[in-house]
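This is structure-v6.csv (CSV, C-alpha atoms).
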```
chain,number,residue,atom,x,y,z
A,1,MET,CA,28.7,-16.3,-48.8
A,2,THR,CA,26.2,-15.7,-46.1
A,3,THR,CA,26.2,-12.4,-44.2
A,4,PRO,CA,26.3,-12.8,-40.4
A,5,ALA,CA,23.0,-11.9,-38.7
A,6,ALA,CA,24.7,-9.1,-36.7
A,7,GLU,CA,25.7,-7.3,-39.9
A,8,ARG,CA,22.3,-7.5,-41.7
A,9,GLY,CA,20.9,-4.6,-39.7
A,10,SER,CA,18.0,-4.4,-37.2
A,11,THR,CA,14.4,-3.3,-37.2
A,12,THR,CA,13.2,-1.1,-34.3
A,13,VAL,CA,9.6,-0.4,-33.7
A,14,ALA,CA,9.2,3.0,-32.0
A,15,ASP,CA,7.0,3.6,-29.0
A,16,ARG,CA,4.9,6.1,-30.9
A,17,ALA,CA,4.0,3.6,-33.6
A,18,VAL,CA,3.0,1.0,-31.0
A,19,ARG,CA,0.9,3.6,-29.2
A,20,ARG,CA,-0.9,4.6,-32.4
A,21,ILE,CA,-1.7,1.0,-33.2
A,22,ALA,CA,-3.0,0.3,-29.7
A,23,GLU,CA,-5.3,3.4,-29.9
A,24,ARG,CA,-6.6,2.3,-33.3
A,25,ALA,CA,-7.1,-1.3,-32.1
A,26,ALA,CA,-9.2,0.0,-29.1
A,27,THR,CA,-11.7,1.6,-31.5
A,28,GLU,CA,-12.1,-1.7,-33.4
A,29,ALA,CA,-12.8,-3.8,-30.3
A,30,LEU,CA,-16.6,-3.4,-30.3
A,31,ALA,CA,-19.0,-2.1,-32.9
A,32,PRO,CA,-17.6,0.5,-35.4
A,33,GLY,CA,-17.5,3.9,-33.8
A,34,ALA,CA,-18.6,2.5,-30.4
A,35,VAL,CA,-15.3,3.0,-28.5
A,36,GLU,CA,-13.5,6.4,-28.4
A,37,ALA,CA,-9.7,6.3,-27.7
A,38,ALA,CA,-8.6,9.5,-25.9
A,39,ARG,CA,-4.9,8.8,-25.4
A,40,GLY,CA,-2.5,5.8,-25.1
A,41,SER,CA,0.9,4.9,-23.9
A,42,ALA,CA,3.5,2.3,-25.1
A,43,SER,CA,6.9,1.2,-23.8
A,44,VAL,CA,9.0,-1.2,-26.0
A,45,ARG,CA,11.8,-3.1,-24.4
A,46,GLY,CA,13.4,-5.5,-26.8
A,47,ARG,CA,10.8,-7.8,-28.2
A,48,ARG,CA,8.2,-7.0,-25.6
A,49,ALA,CA,5.8,-4.1,-25.4
A,50,ARG,CA,3.5,-2.7,-22.7
A,51,VAL,CA,0.6,-0.7,-23.9
A,52,GLY,CA,-2.3,1.3,-22.2
A,53,VAL,CA,-5.2,3.1,-23.7
A,54,THR,CA,-7.8,5.5,-22.1
A,55,VAL,CA,-11.2,4.9,-23.7
A,56,THR,CA,-14.8,6.0,-23.6
A,57,LEU,CA,-17.2,3.1,-23.7
A,58,PRO,CA,-20.8,3.3,-25.1
A,59,TYR,CA,-23.9,3.1,-23.1
A,60,PRO,CA,-25.8,0.9,-22.5
A,61,ALA,CA,-23.3,-2.0,-22.2
A,62,VAL,CA,-22.0,-4.4,-19.6
A,63,LEU,CA,-18.9,-2.4,-18.6
A,64,ASP,CA,-16.8,-5.2,-17.2
A,65,GLU,CA,-17.3,-7.4,-20.2
A,66,ALA,CA,-16.8,-4.5,-22.6
A,67,GLY,CA,-13.6,-3.6,-20.9
A,68,GLU,CA,-12.3,-7.1,-21.1
A,69,ARG,CA,-13.1,-7.4,-24.8
A,70,VAL,CA,-11.3,-4.1,-25.4
A,71,ARG,CA,-8.3,-5.2,-23.4
A,72,SER,CA,-7.9,-8.6,-25.1
A,73,HIS,CA,-8.4,-7.1,-28.6
A,74,VAL,CA,-5.8,-4.4,-28.0
A,75,ALA,CA,-3.2,-6.9,-26.8
A,76,GLU,CA,-3.9,-9.4,-29.6
A,77,ARG,CA,-4.1,-6.8,-32.4
A,78,THR,CA,-1.1,-4.8,-31.4
A,79,SER,CA,1.0,-8.0,-31.1
A,80,ARG,CA,0.0,-9.2,-34.5
A,81,LEU,CA,0.6,-5.9,-36.3
A,82,THR,CA,3.9,-5.1,-34.6
A,83,GLY,CA,5.4,-8.5,-34.3
A,84,LEU,CA,6.1,-7.8,-30.6
A,85,THR,CA,5.1,-9.8,-27.6
A,86,VAL,CA,2.3,-7.9,-25.8
A,87,PRO,CA,1.6,-9.8,-22.5
A,88,SER,CA,-1.3,-7.6,-21.6
A,89,ALA,CA,-2.9,-4.2,-22.1
A,90,ARG,CA,-4.0,-1.6,-19.6
A,91,ILE,CA,-7.4,-0.1,-20.3
A,92,HIS,CA,-8.7,2.9,-18.3
A,93,VAL,CA,-12.4,3.8,-18.8
A,94,ARG,CA,-12.6,7.5,-18.6
A,95,GLY,CA,-16.4,7.9,-19.2
A,96,LEU,CA,-19.5,6.6,-20.9
A,97,SER,CA,-21.0,7.9,-24.1
A,98,PRO,CA,-24.8,7.3,-24.5
A,99,ARG,CA,-25.5,6.5,-28.1
A,100,ALA,CA,-27.7,4.1,-30.1
A,101,ARG,CA,-26.7,0.4,-30.0
A,102,SER,CA,-25.8,-1.2,-33.2
A,103,ALA,CA,-26.0,-4.9,-34.1
A,104,GLY,CA,-22.5,-5.8,-32.8
A,105,GLN,CA,-22.6,-3.9,-29.6
A,106,LEU,CA,-23.0,-5.5,-26.2
A,107,ALA,CA,-26.4,-5.7,-24.6
A,108,PRO,CA,-27.4,-4.1,-21.3
A,109,PRO,CA,-26.9,-6.2,-18.2
A,110,VAL,CA,-29.6,-8.6,-17.2
A,111,ALA,CA,-30.8,-8.6,-13.6
A,112,GLY,CA,-29.7,-11.5,-11.5
A,113,THR,CA,-26.7,-12.5,-13.7
A,114,GLY,CA,-23.9,-10.7,-11.8
A,115,ALA,CA,-20.5,-11.7,-12.9
A,116,ALA,CA,-19.2,-11.5,-9.3
A,117,GLU,CA,-21.3,-14.5,-8.4
A,118,ALA,CA,-20.0,-16.4,-11.4
A,119,SER,CA,-16.4,-15.7,-10.6
A,120,GLY,CA,-16.8,-16.3,-6.9
A,121,GLY,CA,-14.6,-13.3,-6.0
A,122,ARG,CA,-15.3,-10.1,-4.2
A,123,ALA,CA,-14.5,-6.9,-5.9
A,124,ARG,CA,-12.3,-4.5,-4.0
A,125,ARG,CA,-10.7,-1.2,-4.6
A,126,PRO,CA,-7.3,-1.5,-6.3
A,127,TRP,CA,-4.4,-0.8,-3.9
A,128,SER,CA,-2.8,2.6,-4.5
A,129,GLN,CA,1.0,2.8,-4.9
A,130,ARG,CA,1.0,6.3,-3.4
A,131,ARG,CA,4.2,7.2,-5.2
A,132,LEU,CA,4.1,10.9,-4.5
A,133,PRO,CA,3.9,10.9,-0.6
A,134,ILE,CA,6.4,8.0,-0.4
A,135,ALA,CA,8.8,9.7,-2.8
A,136,VAL,CA,8.7,13.0,-0.9
A,137,PHE,CA,9.1,11.3,2.5
A,138,ALA,CA,12.0,9.1,1.2
A,139,LEU,CA,13.8,12.0,-0.4
A,140,ALA,CA,13.5,14.1,2.8
A,141,ALA,CA,14.7,11.2,5.0
A,142,ALA,CA,17.6,10.4,2.6
A,143,ALA,CA,18.7,14.1,2.6
A,144,VAL,CA,18.7,14.3,6.4
A,145,CYS,CA,20.4,11.0,6.9
A,146,GLY,CA,23.0,11.9,4.2
A,147,VAL,CA,23.9,15.2,5.8
A,148,LEU,CA,24.1,13.7,9.2
A,149,LEU,CA,26.3,10.8,7.9
A,150,TYR,CA,28.6,13.1,6.2
A,151,ASP,CA,29.2,15.2,9.4
A,152,VAL,CA,29.8,12.0,11.5
A,153,VAL,CA,32.2,10.6,9.0
A,154,SER,CA,34.1,13.9,8.7
A,155,VAL,CA,34.5,14.0,12.5
A,156,HIS,CA,35.6,10.4,13.1
A,157,ALA,CA,37.5,9.8,9.9
A,158,ALA,CA,39.1,13.1,9.1
A,159,GLY,CA,39.3,14.6,12.6
A,160,HIS,CA,37.2,17.7,11.7
A,161,ALA,CA,35.2,19.6,14.3
A,162,PRO,CA,31.5,18.7,14.4
A,163,ALA,CA,29.2,21.0,12.4
A,164,HIS,CA,27.7,23.9,14.3
A,165,TRP,CA,24.2,22.9,13.5
A,166,ARG,CA,24.7,19.4,14.9
A,167,VAL,CA,26.1,20.9,18.2
A,168,GLU,CA,23.1,23.2,18.5
A,169,VAL,CA,20.7,20.4,17.8
A,170,MET,CA,22.2,18.2,20.5
A,171,GLU,CA,22.2,21.0,23.0
A,172,TRP,CA,18.5,21.8,22.2
A,173,LEU,CA,17.6,18.1,22.6
A,174,SER,CA,19.4,17.9,25.9
A,175,THR,CA,17.4,20.8,27.3
A,176,HIS,CA,14.1,20.1,25.7
A,177,GLY,CA,13.6,16.5,26.4
A,178,PRO,CA,10.5,14.7,27.7
A,179,ASP,CA,11.5,15.6,31.3
A,180,GLY,CA,11.4,19.3,30.6
A,181,ALA,CA,7.8,19.2,29.3
A,182,THR,CA,8.4,22.3,27.3
A,183,THR,CA,5.9,23.5,24.7
A,184,SER,CA,8.3,23.0,21.8
A,185,GLY,CA,9.2,19.5,22.9
A,186,VAL,CA,5.5,18.5,23.2
A,187,LEU,CA,4.8,20.0,19.8
A,188,ALA,CA,7.7,18.1,18.2
A,189,ALA,CA,6.5,14.8,19.8
A,190,VAL,CA,3.0,15.4,18.6
A,191,ALA,CA,4.3,16.1,15.1
A,192,VAL,CA,6.3,12.9,15.0
A,193,PHE,CA,3.4,10.9,16.4
A,194,ALA,CA,1.0,12.4,13.7
A,195,LEU,CA,3.5,11.5,11.0
A,196,GLY,CA,3.8,7.9,12.2
A,197,VAL,CA,0.0,7.6,12.3
A,198,TRP,CA,-0.3,9.0,8.8
A,199,LEU,CA,2.3,6.5,7.5
A,200,LEU,CA,0.4,3.6,9.1
A,201,VAL,CA,-2.9,4.8,7.6
A,202,LEU,CA,-1.3,4.9,4.2
A,203,ALA,CA,0.2,1.4,4.7
A,204,VAL,CA,-3.1,-0.3,5.7
A,205,THR,CA,-5.6,1.4,3.5
A,206,PRO,CA,-6.1,0.8,-0.2
A,207,GLY,CA,-6.6,4.4,-1.3
A,208,ARG,CA,-7.9,5.5,-4.7
A,209,ARG,CA,-11.2,6.8,-3.2
A,210,SER,CA,-12.2,8.2,-6.6
A,211,GLY,CA,-12.7,4.7,-8.1
A,212,LEU,CA,-15.7,2.4,-7.6
A,213,PRO,CA,-15.0,-1.3,-8.1
A,214,MET,CA,-17.0,-3.2,-10.7
A,215,ARG,CA,-18.1,-6.8,-10.8
A,216,PRO,CA,-15.1,-8.9,-11.9
A,217,PRO,CA,-15.9,-10.8,-15.2
A,218,LEU,CA,-13.2,-13.4,-14.6
A,219,PRO,CA,-11.0,-14.4,-11.7
A,220,GLY,CA,-8.0,-12.1,-11.5
A,221,VAL,CA,-9.6,-9.3,-13.6
A,222,HIS,CA,-10.3,-6.1,-11.7
A,223,ALA,CA,-12.2,-3.1,-13.1
A,224,VAL,CA,-12.8,0.3,-11.6
A,225,LEU,CA,-15.2,3.1,-12.6
A,226,GLU,CA,-14.3,6.7,-11.7
A,227,ARG,CA,-16.8,8.6,-9.7
A,228,ARG,CA,-16.8,11.5,-12.2
A,229,ALA,CA,-17.9,9.1,-14.9
A,230,VAL,CA,-20.7,7.7,-12.7
A,231,ALA,CA,-21.9,11.3,-11.8
A,232,GLY,CA,-21.9,12.3,-15.5
A,233,PHE,CA,-23.8,9.2,-16.5
A,234,LEU,CA,-26.5,9.7,-13.8
A,235,ARG,CA,-26.7,13.4,-14.8
A,236,ASP,CA,-27.3,12.5,-18.4
A,237,ALA,CA,-30.0,9.9,-17.6
A,238,VAL,CA,-31.9,12.3,-15.3
A,239,THR,CA,-31.6,15.2,-17.8
A,240,ASP,CA,-33.5,13.2,-20.4
A,241,VAL,CA,-36.6,13.3,-18.2
A,242,PRO,CA,-39.1,15.8,-19.7
A,243,GLY,CA,-39.3,19.0,-17.7
A,244,VAL,CA,-36.1,18.6,-15.8
A,245,GLY,CA,-33.5,21.4,-16.2
A,246,ARG,CA,-30.5,21.7,-13.9
A,247,VAL,CA,-29.2,18.5,-12.3
A,248,LEU,CA,-26.5,18.2,-9.6
A,249,VAL,CA,-25.0,14.8,-8.8
A,250,ARG,CA,-22.6,13.8,-6.0
A,251,VAL,CA,-21.3,10.3,-5.9
A,252,GLY,CA,-19.7,8.8,-2.8
A,253,ARG,CA,-18.3,5.4,-1.9
A,254,ARG,CA,-21.7,4.0,-0.9
A,255,ARG,CA,-24.4,6.5,-2.0
A,256,ALA,CA,-25.2,9.0,-4.7
A,257,ARG,CA,-27.2,12.2,-4.2
A,258,VAL,CA,-29.2,13.5,-7.2
A,259,ARG,CA,-30.7,17.0,-7.1
A,260,ALA,CA,-32.9,18.0,-10.0
A,261,GLY,CA,-34.8,21.2,-10.9
A,262,LEU,CA,-38.2,20.9,-12.5
A,263,GLU,CA,-39.0,23.7,-15.0
A,264,PHE,CA,-42.4,22.6,-16.1
A,265,GLY,CA,-44.8,19.7,-15.6
A,266,GLU,CA,-46.5,17.8,-12.8
A,267,GLN,CA,-44.3,17.3,-9.7
A,268,ASP,CA,-45.3,13.8,-8.5
A,269,GLY,CA,-45.0,12.3,-12.0
A,270,ALA,CA,-41.7,14.0,-12.6
A,271,ARG,CA,-40.4,12.8,-9.3
A,272,ARG,CA,-41.2,9.2,-10.1
A,273,ALA,CA,-39.7,9.5,-13.5
A,274,VAL,CA,-36.5,11.0,-12.2
A,275,THR,CA,-36.2,8.3,-9.5
A,276,GLU,CA,-36.8,5.5,-12.1
A,277,ALA,CA,-34.3,7.0,-14.5
A,278,ALA,CA,-31.6,7.3,-11.8
A,279,GLU,CA,-32.2,3.8,-10.5
A,280,ALA,CA,-32.1,2.3,-14.0
A,281,ALA,CA,-28.9,4.2,-14.8
A,282,ALA,CA,-27.2,3.0,-11.5
A,283,ALA,CA,-28.3,-0.6,-12.1
A,284,GLY,CA,-26.6,-0.5,-15.6
A,285,LEU,CA,-23.2,0.5,-14.3
A,286,GLY,CA,-22.2,-3.0,-13.3
A,287,LEU,CA,-20.8,-1.9,-9.9
A,288,ALA,CA,-19.9,-4.6,-7.4
A,289,ARG,CA,-21.7,-2.7,-4.6
A,290,PRO,CA,-25.0,-1.0,-5.7
A,291,LEU,CA,-25.2,2.7,-4.9
A,292,ARG,CA,-27.9,3.9,-2.5
A,293,LEU,CA,-29.6,6.7,-4.3
A,294,ARG,CA,-31.1,9.8,-2.7
A,295,VAL,CA,-33.2,11.8,-5.2
A,296,ARG,CA,-34.5,15.3,-4.6
A,297,LEU,CA,-36.7,17.2,-7.0
A,298,ARG,CA,-37.4,20.9,-6.6
A,299,THR,CA,-39.3,23.3,-8.8
A,300,GLU,CA,-37.3,26.1,-10.4
A,301,PRO,CA,-38.4,29.8,-10.0
A,302,ALA,CA,-39.7,29.8,-13.5
A,303,TRP,CA,-41.7,26.5,-13.0
A,304,ARG,CA,-45.1,26.4,-14.8
A,305,ALA,CA,-47.9,24.1,-13.6
A,306,PRO,CA,-49.5,22.0,-16.2
A,307,ALA,CA,-52.6,23.6,-17.7
A,308,ALA,CA,-55.9,22.0,-16.5
A,309,GLU,CA,-58.0,20.6,-19.3
A,310,PRO,CA,-61.5,22.1,-19.4
A,311,GLY,CA,-64.3,19.6,-18.8
A,312,PRO,CA,-67.2,19.1,-21.2
A,313,GLY,CA,-69.7,21.9,-21.1
A,314,SER,CA,-67.4,24.2,-19.1
A,315,ALA,CA,-66.6,27.7,-20.4
A,316,SER,CA,-63.1,29.1,-19.9
A,317,VAL,CA,-62.9,32.4,-17.9
A,318,PRO,CA,-60.8,35.0,-19.7
A,319,THR,CA,-57.8,36.5,-17.8
A,320,ALA,CA,-57.4,40.2,-17.0
A,321,ALA,CA,-55.0,40.6,-20.0
A,322,GLU,CA,-57.5,39.0,-22.4
A,323,ARG,CA,-60.4,41.1,-21.0
A,324,SER,CA,-58.4,44.3,-21.6
A,325,THR,CA,-57.6,43.2,-25.1
A,326,LEU,CA,-61.3,42.5,-25.8
A,327,ARG,CA,-62.2,46.0,-24.7
```
Can you dump the structure from the file as structure tokens?
Amino acid sequence: MTTPAAERGSTTVADRAVRRIAERAATEALAPGAVEAARGSASVRGRRARVGVTVTLPYPAVLDEAGERVRSHVAERTSRLTGLTVPSARIHVRGLSPRARSAGQLAPPVAGTGAAEASGGRARRPWSQRRLPIAVFALAAAAVCGVLLYDVVSVHAAGHAPAHWRVEVMEWLSTHGPDGATTSGVLAAVAVFALGVWLLVLAVTPGRRSGLPMRPPLPGVHAVLERRAVAGFLRDAVTDVPGVGRVLVRVGRRRARVRAGLEFGEQDGARRAVTEAAEAAAAGLGLARPLRLRVRLRTEPAWRAPAAEPGPGSASVPTAAERSTLR
């Protein structure tokens, strides 16, 4: 006798298990230990699962290609280990971790081989859904319309007297219309106009100003790098220059400002080294639109000039402290 399939039981894969598998798969995508998975998310609906992982990629690497390899590996590995259908994975690059490249890690980008030219597309900022302002505005509008509808229905259907607040509002509107040109009416009109302009701006602009688009590796693939990650990467690259101490970096949509403090060493050589380090770091980010760098180098209060080497046959002159010690 064969037991019906409905009576044999069922196997359910929890969201937590799928999330842990996706996080572990992200760390296996590139060389061992190259990718760090911070946190992940998973949602299982029947036989399908949607996963997402926040990762830190190694430097140097072609970020768009590295992100695509991590995404495809997470989707394929999670689907194979869980038995679920994973149509795609969402990868968020939180930052970069400078470390030595191993044999299996991606190589740094080569000049003149931009992936945007190969794909024929133009990278743009992803469109923001703007859930918070839309939700707040929708809830406020729904509450006002609901209260007004309830009062109108109670008057016309049940024969109740109109609410006191609605009577006062109608009287106020009748005496403070556009013909009256009162201050309160003008302010209300300006507020409504400003709200309309704000909603139009939200509707026609992409938003997400904190993200910088990267070169798309393939058609239909979009990658974004956060400004904080770019600032941290430029800061680490400039800090490695000998003699440089405090470094401040501000990254905008089109340009980046780097301010470095020199603690010791020759100023002209350090300025060239800082500029070259910042330019090399910016070129390795794989951004669709290169950043315009502005580098400023200032000496710190405790800056020490390089000691001059004495020439042949010249005698060094003792300082006042050395003369007092000799006495």
#### Entry: Residue nearest Tyr150 in chain A among A:Arg166, A:Gly245, A:Leu291, A:Leu63 (counting all atoms listed in the file)
A:Arg166
### Task
Name the residues, using the chain letters and numbers of the file, that sit within 12 Å of (-11.2, -0.5, -27.0) when counting all atoms listed in the file, and give them as number ranges by chain.
A: 21-40, 52-58, 63, 65-78, 89-94
Can you write just those residues out, C-alpha atoms, as a compact mmCIF listing (two decimals), keeping the file's coordinate frame?
```
# COMPACT_ATOMS: atom_id res chain seq x y z
CA ILE A 21 -1.70 1.00 -33.20
CA ALA A 22 -3.00 0.30 -29.70
CA GLU A 23 -5.30 3.40 -29.90
CA ARG A 24 -6.60 2.30 -33.30
CA ALA A 25 -7.10 -1.30 -32.10
CA ALA A 26 -9.20 0.00 -29.10
CA THR A 27 -11.70 1.60 -31.50
CA GLU A 28 -12.10 -1.70 -33.40
CA ALA A 29 -12.80 -3.80 -30.30
CA LEU A 30 -16.60 -3.40 -30.30
CA ALA A 31 -19.00 -2.10 -32.90
CA PRO A 32 -17.60 0.50 -35.40
CA GLY A 33 -17.50 3.90 -33.80
CA ALA A 34 -18.60 2.50 -30.40
CA VAL A 35 -15.30 3.00 -28.50
CA GLU A 36 -13.50 6.40 -28.40
CA ALA A 37 -9.70 6.30 -27.70
CA ALA A 38 -8.60 9.50 -25.90
CA ARG A 39 -4.90 8.80 -25.40
CA GLY A 40 -2.50 5.80 -25.10
CA GLY A 52 -2.30 1.30 -22.20
CA VAL A 53 -5.20 3.10 -23.70
CA THR A 54 -7.80 5.50 -22.10
CA VAL A 55 -11.20 4.90 -23.70
CA THR A 56 -14.80 6.00 -23.60
CA LEU A 57 -17.20 3.10 -23.70
CA PRO A 58 -20.80 3.30 -25.10
CA LEU A 63 -18.90 -2.40 -18.60
CA GLU A 65 -17.30 -7.40 -20.20
CA ALA A 66 -16.80 -4.50 -22.60
CA GLY A 67 -13.60 -3.60 -20.90
CA GLU A 68 -12.30 -7.10 -21.10
CA ARG A 69 -13.10 -7.40 -24.80
CA VAL A 70 -11.30 -4.10 -25.40
CA ARG A 71 -8.30 -5.20 -23.40
CA SER A 72 -7.90 -8.60 -25.10
CA HIS A 73 -8.40 -7.10 -28.60
CA VAL A 74 -5.80 -4.40 -28.00
CA ALA A 75 -3.20 -6.90 -26.80
CA GLU A 76 -3.90 -9.40 -29.60
CA ARG A 77 -4.10 -6.80 -32.40
CA THR A 78 -1.10 -4.80 -31.40
CA ALA A 89 -2.90 -4.20 -22.10
CA ARG A 90 -4.00 -1.60 -19.60
CA ILE A 91 -7.40 -0.10 -20.30
CA HIS A 92 -8.70 2.90 -18.30
CA VAL A 93 -12.40 3.80 -18.80
CA ARG A 94 -12.60 7.50 -18.60
```
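Distances here use only C-alpha atoms; by that measure, the residue among A:Ala135, A:Val201, A:Val295, A:Val44 closest to Thr82 in chain A is A:Val44.
Excluding Leu212 in chain A and any residue on its chain fewer than 3 positions from it, the residues at most 9 Å away by all atoms listed in the file are A:Arg124, A:Arg125, A:Arg208, A:Arg209, A:Ala223, A:Val224, A:Leu225, A:Glu226, A:Arg227, A:Val230, A:Gly252, A:Arg253, A:Leu287, A:Ala288, A:Arg289.
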### Minimum-distance residue to Tyr59 in chain A, chosen among A:Ala237, A:Leu148, A:Leu132, A:Ala141 (using only C-alpha atoms)
A:Ala237
Build an axis-aligned box that encloses every atom of range 164-178 of chain A listed in the file, pad it by 6 Å on each side, and report its centre and edge lengths in Å to one decimal, as AutoDock Vina command-line options.
```
--center_x 19.1 --center_y 19.3 --center_z 20.6 --size_x 29.2 --size_y 21.2 --size_z 26.2
```
#### Entry: Atom pair CA of Ala280 in chain A / CA of Val238 in chain A: separation (Å)
10.1 Å
